[in-house]
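> What follows is a structure written as structure tokens; I'll ask about it next.
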Amino acid sequence: MPNKKTETSIGELKLTTFEVPPEGFDPLTAPPSKLLHHGVAPRPDKDKDPELYKKWHKVYSKKLTHIVPEFLKNENKQHRPVANRVDIKDGTSTSTNWSGGVVPSPAGDTFKWITGNWIVPDPNQPPGLPTGQWYYSSAWIGIDGWGSNDVLQAGTDSDVLVQNGVAHKAVAAWWEWFPNSSVTITNLPVTSGDYMTCLICSTGAATATIYLTNLSTNTHVSFQITIPSGATFNGNCAEWILEAPTVNGGQSALCDYGATFFDEAYAYTAKNVQENAGVGNTVNMVNSANSIISQALIEAPQLLKVSFV
């Protein structure tokens, strides 16, 4: 396994991974150049940005195991922009693939980074639906995809197949820069019930850096992505989403994921304006009969609940 800052490729996708910090490395006191070198999120000023520092400290004051991520492109799965969006009233919309919260960027401004935490859902077969097929769910945070044909995102998949009375569950971490396919982070341990935190930073129109930490196991990955061919970055919205992804080119069936909460959910714009998830729109997922199957509710300015119905 590489143990240095390394450029790598997955097909046409180009990435940079970072050198694992040495024993005794302290992110709380290390100079910014060392944080950058080891793929640690930039340390906020605790006096000027106390809320940001508090969240940063929550992650990096832990004794983390830094992992150089390994990737596998999942050609048959995509996490797409919002599909069949219908705005049913001010602040509430429906979609056939998204459920959660979306904040449009302020006029004359664009989003540059987003953060959020969530508990990885436990996938189960929906009541009354047939066995012998896969049911899917993806919890993620991202930028774009609401009124634009691009989306930069990272999260976790929780899928299930029940066959002969046995439930086969598949849970994994992933990232994607649509219209490319989903990329699984194969060596980041993730299981249902784990508490995840993620930060996605645009580092210019052509690159982005993803910091993903499993706070239940204190494992951390980070990597920089070069925008793939055909993708764009608009910064027109920030979102915290529970999705039924696209599988083999078609809309997947949503599993019974119970409920998941996105907390410490907010984003920052290029003009350094903080936007909490609670100021945005809620999106409810509907099935082919236009019945709600996943419902979003704003519980607090930075807390969003998404529930299987």
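Following the order of the structure tokens, first chain is A, next is B, and so on, with residues numbered from 1 inside each chain and ligands from 1 in the order they appear.
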List as a Markdown table every residue of stretch 26-60 of chain A that is in contact with stretch 184-205 of chain A, defined as an atom at most 12 Å from one of its atoms (using only C-alpha atoms), together with the nearest atom pair and the distance in Å rounded to one decimal, sorted by chain and then rising number.

| residue | atom | partner | partner_atom | distance |
| --- | --- | --- | --- | --- |
| A:Gly39 | CA | A:Leu199 | CA | 11.9 |
| A:Val40 | CA | A:Leu199 | CA | 10.8 |
| A:Ala41 | CA | A:Leu199 | CA | 8.2 |
| A:Pro42 | CA | A:Cys201 | CA | 10.4 |
| A:Leu52 | CA | A:Leu199 | CA | 11.5 |
| A:Lys55 | CA | A:Thr197 | CA | 9.8 |
| A:Trp56 | CA | A:Leu199 | CA | 10.0 |
| A:Lys58 | CA | A:Thr197 | CA | 10.2 |
| A:Val59 | CA | A:Thr197 | CA | 8.3 |
| A:Tyr60 | CA | A:Thr197 | CA | 11.6 |
> What are the closest atom pairs, with distances in Å to one decimal, for each residue of stretch 228-291 of chain A lying within 12 Å of stretch 71-75 of chain A, using only C-alpha atoms, rows by chain and rising residue number, as a Markdown table?

| residue | atom | partner | partner_atom | distance |
| --- | --- | --- | --- | --- |
| A:Thr246 | CA | A:Glu75 | CA | 10.8 |
| A:Val247 | CA | A:Glu75 | CA | 9.0 |
| A:Asn248 | CA | A:Glu75 | CA | 8.2 |
| A:Gly249 | CA | A:Glu75 | CA | 9.9 |
> So that I can check the surroundings of A:Gly278, please list as a CSV table (one decimal) with N, CA and C atoms, in the first residue's frame every protein, DNA and RNA residue that reaches within 8 Å of it, counting only C-alpha atoms and ignoring chain neighbours fewer than 4 positions away.

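Result file follows (selection11.csv):
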chain,number,residue,atom,x,y,z
A,101,GLY,N,-32.7,17.2,2.1
A,101,GLY,CA,-32.7,18.7,2.1
A,101,GLY,C,-31.8,19.3,1.1
A,298,ILE,N,-37.3,18.9,8.6
A,298,ILE,CA,-36.3,19.8,9.2
A,298,ILE,C,-36.6,19.8,10.7
A,299,GLU,N,-35.6,19.3,11.5
A,299,GLU,CA,-35.8,19.2,13.0
A,299,GLU,C,-35.2,20.4,13.7
A,300,ALA,N,-34.1,20.9,13.1
A,300,ALA,CA,-33.4,22.1,13.7
A,300,ALA,C,-32.6,22.7,12.6
A,301,PRO,N,-32.0,23.9,12.8
A,301,PRO,CA,-31.3,24.6,11.7
A,301,PRO,C,-30.3,23.7,11.0
A,302,GLN,N,-29.6,22.8,11.8
A,302,GLN,CA,-28.6,21.9,11.2
A,302,GLN,C,-28.9,20.5,11.3
A,303,LEU,N,-30.2,20.2,11.5
A,303,LEU,CA,-30.6,18.8,11.7
A,303,LEU,C,-31.7,18.4,10.8
A,304,LEU,N,-31.5,17.4,10.0
A,304,LEU,CA,-32.5,16.9,9.0
A,304,LEU,C,-32.8,15.4,9.3
> Would you please work out which residue, of A:Leu36, A:Val183, A:Val166, A:Leu64, is nearest to A:Thr213 when using only C-alpha atoms?
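Closest to A:Thr213 of all the choices is A:Leu64.
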> Check the smallest atom-to-atom distance from each of A:Trp174, A:Asn149, A:Asn287, A:His57 to A:Gln251 using only C-alpha atoms, then report the winner.
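Nearest to A:Gln251: A:Asn287.
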